[in-house]
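Asks: One structure follows; several queries about it will come next.
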Amino acid sequence: MPLFQNSVLKNYLSAQPRLKRFLVELTKAKVKLSLGEEAEWMAYFNEQKTKAQASQSDITRLDREIDALVYELTEEEISVVEGGDYGG
């Protein structure tokens with residue numbers, strides 16, 4: 001398990017249904033977006049999601065590096081500690 005759990009980032013990565021709900025709520029409030037405006041929101045969301053995924057990948061990589069430095073574990077030991085099945 002990583003040392004740091006970034007719940008804000010995880011929440012953002014799973015936010016696609018929230019965007020759709022947001023659009024539904026706009027409709028309920030009688031706010032009409034043109035197809036172009038909706039497409040702009042979707043493009044913006046997807047761009048931000050891609051950035052968040054890249055950040056999450058960096059966090060995961062750095063977390064593993066920190067674990068290796070702090071605990072001076074081998075890949076085999078890290079796999080055991082994280083509950084993975086080491087097949088070596």
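Please note that chains go A, B, ... in the order of the structure tokens, that every chain numbers its residues from 1, and that ligands are numbered from 1 in the order shown.
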Could you pull out the residues in stretch 3-84 of chain A that DSSP calls alpha helix (DSSP H) from the backbone, as an MDAnalysis selection string?

Replies: chainID A and resid 7:13 16:28 35:71 75:81

Asks: What's around stretch 38-48 of chain A at 9 Å? Count only C-alpha atoms, leave out sequence neighbours fewer than 5 positions away in its own chain, and write the answer as a PyMOL selection string.

Replies: chain A and resi 16+19+23+33+53

Asks: State, in Å with one decimal place, the distance from atom CA of A:Glu82 to atom CA of A:Leu69.

Replies: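 Spanning atom CA of A:Glu82 to atom CA of A:Leu69 is a straight-line distance of 15.6 Å.
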
Asks: To one decimal place, how far is atom CA of A:Lys49 from atom CA of A:Glu37 in Å?

Replies: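 Going from atom CA of A:Lys49 over to atom CA of A:Glu37, I get 18.2 Å.
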